[in-house]
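Report on one structure; see the data block that follows.
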Amino acid sequence: MSVLYIDADACPVKAEAERVATRHGVRMLLVSNGGIRPSRNPLVEIVVVPEGPDAADMWIAERAGPGDVVVTQDVPLAARCVEGGARVLKPNGEALDARNVGQALAVRDLMTDLRAADPFRQGGGRAFSKADRSRFLDALEREVRAALRQG
């Protein structure tokens with residue numbers, strides 16, 4: 001049985017993920033440190049993990065495996081989930097898999113080093129757009145279908 005795991009803290013596509021999960025009858029787990037609004041949807045469960053660094057990430061990584069889909073912006077979490085056999089999507093619809101997650105980790109580490117070396121190099125890139133949301137919906141639909149075939 002496939003599960004859709006959402007790294008829910010600061011995830012901008014929870015509602016879109018719920019729509020896809022509902023369409024396919026897939027259980028969806030919103031994992032966070034708290035503060036997530038409950039859903040009336042019986043397929044959606046909220047998992048509140050203890051406070052602490054990476055508690056939600058560790059919880060997801062310990063459970064996600066083949067046939068599951070994980071939505072996260074956290075590249076180290078994505079790498080652990082890919083290693084465990086799960087399918088991983090970023091909220092902008094970009095898929096992370098065995099072919100590209102290493103490069104994503106390297107870029108993340110480089111950007112962390114650059115920000116540490118230059119305290120004025122802060123800020124995040126561009127805003128989340130309607131096009132990102134649309135790409136995510138299309139990508140999640142593909143990944144959930146593939147996961148259901150796999151699982």
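Chain labels A, B, ... are given in the sequence in which chains occur in the structure tokens; within each chain residues are numbered consecutively from 1, and ligands are likewise numbered from 1 in the order shown.
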Exercise for review: For A:Met28, please output as a list in words all residues within 10 Å (counting only C-alpha atoms; exclusion window: fewer than 3 positions along the same chain).
Suggested key: Ser2, Val3, Leu4, Tyr5, Ile6, Lys14, Ala17, Glu18, Val20, Ala21, Thr22, Gly25, Val31, Asn41, Pro42, Leu43, Val44, Glu45, Ile46, Val69 and Val70 of chain A
Residue subset to file, keeping N, CA, C and O atoms, as a PDB file, in the first residue's frame:
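Saved the output as selection.pdb:
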```pdb
ATOM      1  N   SER A   2       0.717   2.092  -0.965  1.00  0.00           N
ATOM      2  CA  SER A   2       1.492   3.324  -1.066  1.00  0.00           C
ATOM      3  C   SER A   2       1.035   4.346  -0.031  1.00  0.00           C
ATOM      4  O   SER A   2      -0.138   4.436   0.300  1.00  0.00           O
ATOM      5  N   VAL A   3       2.002   5.118   0.450  1.00  0.00           N
ATOM      6  CA  VAL A   3       1.744   6.215   1.377  1.00  0.00           C
ATOM      7  C   VAL A   3       2.370   7.466   0.785  1.00  0.00           C
ATOM      8  O   VAL A   3       3.469   7.420   0.232  1.00  0.00           O
ATOM      9  N   LEU A   4       1.678   8.588   0.909  1.00  0.00           N
ATOM     10  CA  LEU A   4       2.190   9.878   0.488  1.00  0.00           C
ATOM     11  C   LEU A   4       2.623  10.615   1.747  1.00  0.00           C
ATOM     12  O   LEU A   4       1.790  10.967   2.585  1.00  0.00           O
ATOM     13  N   TYR A   5       3.939  10.806   1.907  1.00  0.00           N
ATOM     14  CA  TYR A   5       4.498  11.507   3.055  1.00  0.00           C
ATOM     15  C   TYR A   5       4.752  12.953   2.663  1.00  0.00           C
ATOM     16  O   TYR A   5       5.399  13.218   1.654  1.00  0.00           O
ATOM     17  N   ILE A   6       4.272  13.885   3.492  1.00  0.00           N
ATOM     18  CA  ILE A   6       4.505  15.297   3.250  1.00  0.00           C
ATOM     19  C   ILE A   6       5.339  15.843   4.399  1.00  0.00           C
ATOM     20  O   ILE A   6       4.926  15.781   5.554  1.00  0.00           O
ATOM     21  N   LYS A  14       0.320  21.429   0.256  1.00  0.00           N
ATOM     22  CA  LYS A  14      -0.428  20.422   1.019  1.00  0.00           C
ATOM     23  C   LYS A  14      -1.808  20.173   0.423  1.00  0.00           C
ATOM     24  O   LYS A  14      -2.235  19.024   0.296  1.00  0.00           O
ATOM     25  N   ALA A  17      -1.536  18.177  -2.796  1.00  0.00           N
ATOM     26  CA  ALA A  17      -1.195  16.786  -2.506  1.00  0.00           C
ATOM     27  C   ALA A  17      -2.422  16.029  -1.995  1.00  0.00           C
ATOM     28  O   ALA A  17      -2.645  14.875  -2.372  1.00  0.00           O
ATOM     29  N   GLU A  18      -3.230  16.685  -1.177  1.00  0.00           N
ATOM     30  CA  GLU A  18      -4.444  16.041  -0.668  1.00  0.00           C
ATOM     31  C   GLU A  18      -5.406  15.704  -1.808  1.00  0.00           C
ATOM     32  O   GLU A  18      -6.019  14.643  -1.811  1.00  0.00           O
ATOM     33  N   VAL A  20      -4.649  14.956  -4.922  1.00  0.00           N
ATOM     34  CA  VAL A  20      -4.126  13.798  -5.659  1.00  0.00           C
ATOM     35  C   VAL A  20      -4.286  12.525  -4.814  1.00  0.00           C
ATOM     36  O   VAL A  20      -4.707  11.488  -5.333  1.00  0.00           O
ATOM     37  N   ALA A  21      -3.988  12.613  -3.527  1.00  0.00           N
ATOM     38  CA  ALA A  21      -4.139  11.447  -2.652  1.00  0.00           C
ATOM     39  C   ALA A  21      -5.589  10.976  -2.633  1.00  0.00           C
ATOM     40  O   ALA A  21      -5.864   9.772  -2.706  1.00  0.00           O
ATOM     41  N   THR A  22      -6.509  11.904  -2.565  1.00  0.00           N
ATOM     42  CA  THR A  22      -7.933  11.559  -2.545  1.00  0.00           C
ATOM     43  C   THR A  22      -8.355  10.905  -3.853  1.00  0.00           C
ATOM     44  O   THR A  22      -9.069   9.895  -3.849  1.00  0.00           O
ATOM     45  N   GLY A  25      -7.060   7.410  -3.688  1.00  0.00           N
ATOM     46  CA  GLY A  25      -7.322   6.633  -2.483  1.00  0.00           C
ATOM     47  C   GLY A  25      -6.068   6.271  -1.719  1.00  0.00           C
ATOM     48  O   GLY A  25      -5.976   5.199  -1.128  1.00  0.00           O
ATOM     49  N   VAL A  31       3.600  15.320   8.177  1.00  0.00           N
ATOM     50  CA  VAL A  31       4.523  15.159   9.297  1.00  0.00           C
ATOM     51  C   VAL A  31       5.146  16.511   9.629  1.00  0.00           C
ATOM     52  O   VAL A  31       5.732  17.161   8.761  1.00  0.00           O
ATOM     53  N   ASN A  41     -10.589  14.979   5.793  1.00  0.00           N
ATOM     54  CA  ASN A  41     -10.411  13.865   4.873  1.00  0.00           C
ATOM     55  C   ASN A  41      -9.900  12.641   5.644  1.00  0.00           C
ATOM     56  O   ASN A  41      -8.855  12.702   6.291  1.00  0.00           O
ATOM     57  N   PRO A  42     -10.604  11.514   5.570  1.00  0.00           N
ATOM     58  CA  PRO A  42     -10.164  10.327   6.324  1.00  0.00           C
ATOM     59  C   PRO A  42      -8.844   9.739   5.822  1.00  0.00           C
ATOM     60  O   PRO A  42      -8.213   8.956   6.531  1.00  0.00           O
ATOM     61  N   LEU A  43      -8.405  10.110   4.625  1.00  0.00           N
ATOM     62  CA  LEU A  43      -7.130   9.616   4.111  1.00  0.00           C
ATOM     63  C   LEU A  43      -5.937  10.409   4.639  1.00  0.00           C
ATOM     64  O   LEU A  43      -4.799   9.987   4.497  1.00  0.00           O
ATOM     65  N   VAL A  44      -6.212  11.576   5.230  1.00  0.00           N
ATOM     66  CA  VAL A  44      -5.145  12.468   5.677  1.00  0.00           C
ATOM     67  C   VAL A  44      -4.967  12.356   7.187  1.00  0.00           C
ATOM     68  O   VAL A  44      -5.908  12.529   7.948  1.00  0.00           O
ATOM     69  N   GLU A  45      -3.737  12.034   7.577  1.00  0.00           N
ATOM     70  CA  GLU A  45      -3.397  11.947   8.997  1.00  0.00           C
ATOM     71  C   GLU A  45      -2.311  12.966   9.310  1.00  0.00           C
ATOM     72  O   GLU A  45      -1.410  13.184   8.496  1.00  0.00           O
ATOM     73  N   ILE A  46      -2.401  13.547  10.483  1.00  0.00           N
ATOM     74  CA  ILE A  46      -1.370  14.477  10.928  1.00  0.00           C
ATOM     75  C   ILE A  46      -0.492  13.748  11.937  1.00  0.00           C
ATOM     76  O   ILE A  46      -0.992  13.154  12.893  1.00  0.00           O
ATOM     77  N   VAL A  69       5.645   7.826  -1.832  1.00  0.00           N
ATOM     78  CA  VAL A  69       6.055   9.103  -2.420  1.00  0.00           C
ATOM     79  C   VAL A  69       6.268  10.084  -1.275  1.00  0.00           C
ATOM     80  O   VAL A  69       5.456  10.159  -0.351  1.00  0.00           O
ATOM     81  N   VAL A  70       7.367  10.826  -1.343  1.00  0.00           N
ATOM     82  CA  VAL A  70       7.706  11.822  -0.327  1.00  0.00           C
ATOM     83  C   VAL A  70       7.773  13.186  -0.996  1.00  0.00           C
ATOM     84  O   VAL A  70       8.387  13.335  -2.049  1.00  0.00           O
TER      85      VAL A  70
END
```
Stretch 12-122 of chain A: which residues are helix (DSSP H, G or I) by DSSP, as an mmCIF file with C-alpha atoms, in the first residue's frame?
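Heads up, here's the output in out.cif:
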```cif
data_model
loop_
_atom_site.group_PDB
_atom_site.id
_atom_site.type_symbol
_atom_site.label_atom_id
_atom_site.label_comp_id
_atom_site.auth_asym_id
_atom_site.auth_seq_id
_atom_site.Cartn_x
_atom_site.Cartn_y
_atom_site.Cartn_z
ATOM 1 C CA LYS A 14 -0.428 20.422 1.019
ATOM 2 C CA ALA A 15 -3.870 21.078 -0.498
ATOM 3 C CA GLU A 16 -2.731 19.945 -3.950
ATOM 4 C CA ALA A 17 -1.195 16.786 -2.506
ATOM 5 C CA GLU A 18 -4.444 16.041 -0.668
ATOM 6 C CA ARG A 19 -6.400 16.317 -3.925
ATOM 7 C CA VAL A 20 -4.126 13.798 -5.659
ATOM 8 C CA ALA A 21 -4.139 11.447 -2.652
ATOM 9 C CA THR A 22 -7.933 11.559 -2.545
ATOM 10 C CA ARG A 23 -8.258 10.912 -6.272
ATOM 11 C CA HIS A 24 -6.152 7.755 -5.929
ATOM 12 C CA ALA A 55 12.737 15.129 13.961
ATOM 13 C CA ALA A 56 10.167 15.161 11.144
ATOM 14 C CA ASP A 57 12.849 14.260 8.594
ATOM 15 C CA MET A 58 14.053 11.311 10.648
ATOM 16 C CA TRP A 59 10.489 10.070 11.165
ATOM 17 C CA ILE A 60 9.778 10.141 7.424
ATOM 18 C CA ALA A 61 13.142 8.631 6.408
ATOM 19 C CA GLU A 62 12.688 5.708 8.821
ATOM 20 C CA ARG A 63 9.332 4.785 7.241
ATOM 21 C CA VAL A 75 17.606 17.592 0.119
ATOM 22 C CA PRO A 76 19.272 15.419 2.809
ATOM 23 C CA LEU A 77 15.842 13.939 3.619
ATOM 24 C CA ALA A 78 15.251 13.395 -0.096
ATOM 25 C CA ALA A 79 18.572 11.547 -0.379
ATOM 26 C CA ARG A 80 17.699 9.234 2.512
ATOM 27 C CA CYS A 81 14.259 8.514 1.047
ATOM 28 C CA VAL A 82 15.669 7.829 -2.426
ATOM 29 C CA GLU A 83 18.193 5.468 -0.845
ATOM 30 C CA VAL A 101 20.057 13.559 -5.718
ATOM 31 C CA GLY A 102 23.852 13.504 -5.293
ATOM 32 C CA GLN A 103 24.192 16.621 -7.416
ATOM 33 C CA ALA A 104 21.364 18.290 -5.469
ATOM 34 C CA LEU A 105 23.217 17.534 -2.223
ATOM 35 C CA ALA A 106 26.447 18.957 -3.632
ATOM 36 C CA VAL A 107 24.716 22.180 -4.736
ATOM 37 C CA ARG A 108 23.038 22.480 -1.339
ATOM 38 C CA ASP A 109 26.371 22.067 0.449
ATOM 39 C CA LEU A 110 28.055 24.589 -1.855
ATOM 40 C CA MET A 111 25.330 27.168 -1.235
ATOM 41 C CA THR A 112 25.603 26.591 2.530
ATOM 42 C CA ASP A 113 29.359 27.220 2.329
ATOM 43 C CA LEU A 114 28.867 30.351 0.213
ATOM 44 C CA ARG A 115 26.330 31.769 2.664
ATOM 45 C CA ALA A 116 28.665 31.012 5.580
ATOM 46 C CA ALA A 117 31.571 32.761 3.822
#
```
Compile the contact shell of A:Lys130 as a short mmCIF file (atom, residue, chain, number, x, y, z; two decimals) with N, CA and C atoms, in the first residue's frame: residues with an atom at most 12 Å away, counting only C-alpha atoms, same-chain residues fewer than 2 positions apart removed.
```cif
data_model
loop_
_atom_site.label_atom_id
_atom_site.label_comp_id
_atom_site.auth_asym_id
_atom_site.auth_seq_id
_atom_site.Cartn_x
_atom_site.Cartn_y
_atom_site.Cartn_z
N PRO A 12 4.24 24.35 0.66
CA PRO A 12 3.20 25.17 0.03
C PRO A 12 2.17 24.39 -0.79
N VAL A 13 2.29 23.07 -0.85
CA VAL A 13 1.40 22.30 -1.74
C VAL A 13 0.62 21.21 -1.01
N GLU A 16 -2.86 20.63 -2.66
CA GLU A 16 -2.73 19.94 -3.95
C GLU A 16 -2.42 18.47 -3.74
N PRO A 91 8.37 20.54 -3.85
CA PRO A 91 7.09 21.21 -4.07
C PRO A 91 6.96 21.92 -5.43
N ASN A 92 8.07 22.17 -6.10
CA ASN A 92 7.99 22.78 -7.43
C ASN A 92 7.84 21.74 -8.55
N GLY A 93 7.71 20.47 -8.17
CA GLY A 93 7.51 19.41 -9.14
C GLY A 93 8.79 18.72 -9.60
N ALA A 127 10.01 33.59 -5.83
CA ALA A 127 8.79 33.20 -5.11
C ALA A 127 8.15 31.98 -5.76
N PHE A 128 7.38 31.26 -4.98
CA PHE A 128 6.64 30.09 -5.46
C PHE A 128 5.52 30.59 -6.36
N ASP A 132 4.79 26.73 -10.72
CA ASP A 132 5.38 25.73 -9.83
C ASP A 132 4.29 24.79 -9.31
N ARG A 133 3.17 25.37 -8.90
CA ARG A 133 2.05 24.59 -8.37
C ARG A 133 1.52 23.63 -9.42
N SER A 134 1.39 24.10 -10.64
CA SER A 134 0.90 23.28 -11.74
C SER A 134 1.88 22.15 -12.06
N ARG A 135 3.18 22.48 -12.12
CA ARG A 135 4.21 21.45 -12.35
C ARG A 135 4.17 20.39 -11.26
N PHE A 136 3.98 20.85 -10.01
CA PHE A 136 3.90 19.91 -8.89
C PHE A 136 2.71 18.96 -9.07
N LEU A 137 1.55 19.49 -9.38
CA LEU A 137 0.37 18.64 -9.56
C LEU A 137 0.59 17.59 -10.63
#
```
Taking 3 positions as the minimum chain separation for residues in the same chain, which residues sit within 8 Å of A:Gly65 when counting only C-alpha atoms? Answer as a PDB file with all heavy atoms, in the first residue's frame.
```
ATOM      1  N   ASP A  68       6.248   4.245  -1.974  1.00  0.00           N
ATOM      2  CA  ASP A  68       5.818   5.474  -1.307  1.00  0.00           C
ATOM      3  C   ASP A  68       6.312   6.689  -2.085  1.00  0.00           C
ATOM      4  O   ASP A  68       7.273   6.606  -2.854  1.00  0.00           O
ATOM      5  CB  ASP A  68       6.383   5.546   0.120  1.00  0.00           C
ATOM      6  CG  ASP A  68       5.842   4.446   1.017  1.00  0.00           C
ATOM      7  OD1 ASP A  68       4.689   4.006   0.805  1.00  0.00           O
ATOM      8  OD2 ASP A  68       6.569   4.025   1.935  1.00  0.00           O
ATOM      9  N   CYS A  81      15.464   9.178   1.562  1.00  0.00           N
ATOM     10  CA  CYS A  81      14.259   8.514   1.047  1.00  0.00           C
ATOM     11  C   CYS A  81      14.532   7.815  -0.282  1.00  0.00           C
ATOM     12  O   CYS A  81      14.050   6.702  -0.512  1.00  0.00           O
ATOM     13  CB  CYS A  81      13.114   9.520   0.926  1.00  0.00           C
ATOM     14  SG  CYS A  81      12.546  10.129   2.533  1.00  0.00           S
ATOM     15  N   GLY A  84      16.212   4.683   0.341  1.00  0.00           N
ATOM     16  CA  GLY A  84      15.280   3.685   0.856  1.00  0.00           C
ATOM     17  C   GLY A  84      14.292   3.167  -0.177  1.00  0.00           C
ATOM     18  O   GLY A  84      13.482   2.299   0.116  1.00  0.00           O
ATOM     19  N   GLY A  85      14.342   3.722  -1.396  1.00  0.00           N
ATOM     20  CA  GLY A  85      13.487   3.232  -2.467  1.00  0.00           C
ATOM     21  C   GLY A  85      12.234   4.036  -2.727  1.00  0.00           C
ATOM     22  O   GLY A  85      11.438   3.692  -3.608  1.00  0.00           O
ATOM     23  N   ALA A  86      12.018   5.133  -1.983  1.00  0.00           N
ATOM     24  CA  ALA A  86      10.827   5.965  -2.190  1.00  0.00           C
ATOM     25  C   ALA A  86      11.020   6.902  -3.384  1.00  0.00           C
ATOM     26  O   ALA A  86      12.151   7.186  -3.789  1.00  0.00           O
ATOM     27  CB  ALA A  86      10.532   6.784  -0.936  1.00  0.00           C
TER      28      ALA A  86
END
```
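Taking the backbone of this structure through DSSP, the residues of chain A that come out as strand (DSSP E or B) are Val3, Leu4, Tyr5, Ile6, Asp7, Arg27, Met28, Leu29, Leu30, Val31, Ser32, Val44, Glu45, Ile46, Val47, Val48, Val69, Val70, Val71, Arg87, Val88, Leu89, Ala95 and Leu96 of chain A.
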Review point. Counting only C-alpha atoms, what is within 8 Å of A:Gln73, bar same-chain residues fewer than 6 positions away, as an MDAnalysis selection string?
Key: chainID A and resid 7 11 90:91
Exercise for review: Can you work out which one of A:Ser39, A:Val71, A:Gln150, A:Pro53 has the shortest atom-to-atom distance to A:Ala8, counting only C-alpha atoms?
Suggested key: A:Val71
**Study point:** Shortest interatomic distance to A:Gly52 - which of A:Asn33, A:Arg126, A:Ala10, A:Asp118, counting only C-alpha atoms
**Key:**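 Of A:Asn33, A:Arg126, A:Ala10, A:Asp118, the one nearest A:Gly52 is A:Asn33, counting only C-alpha atoms.
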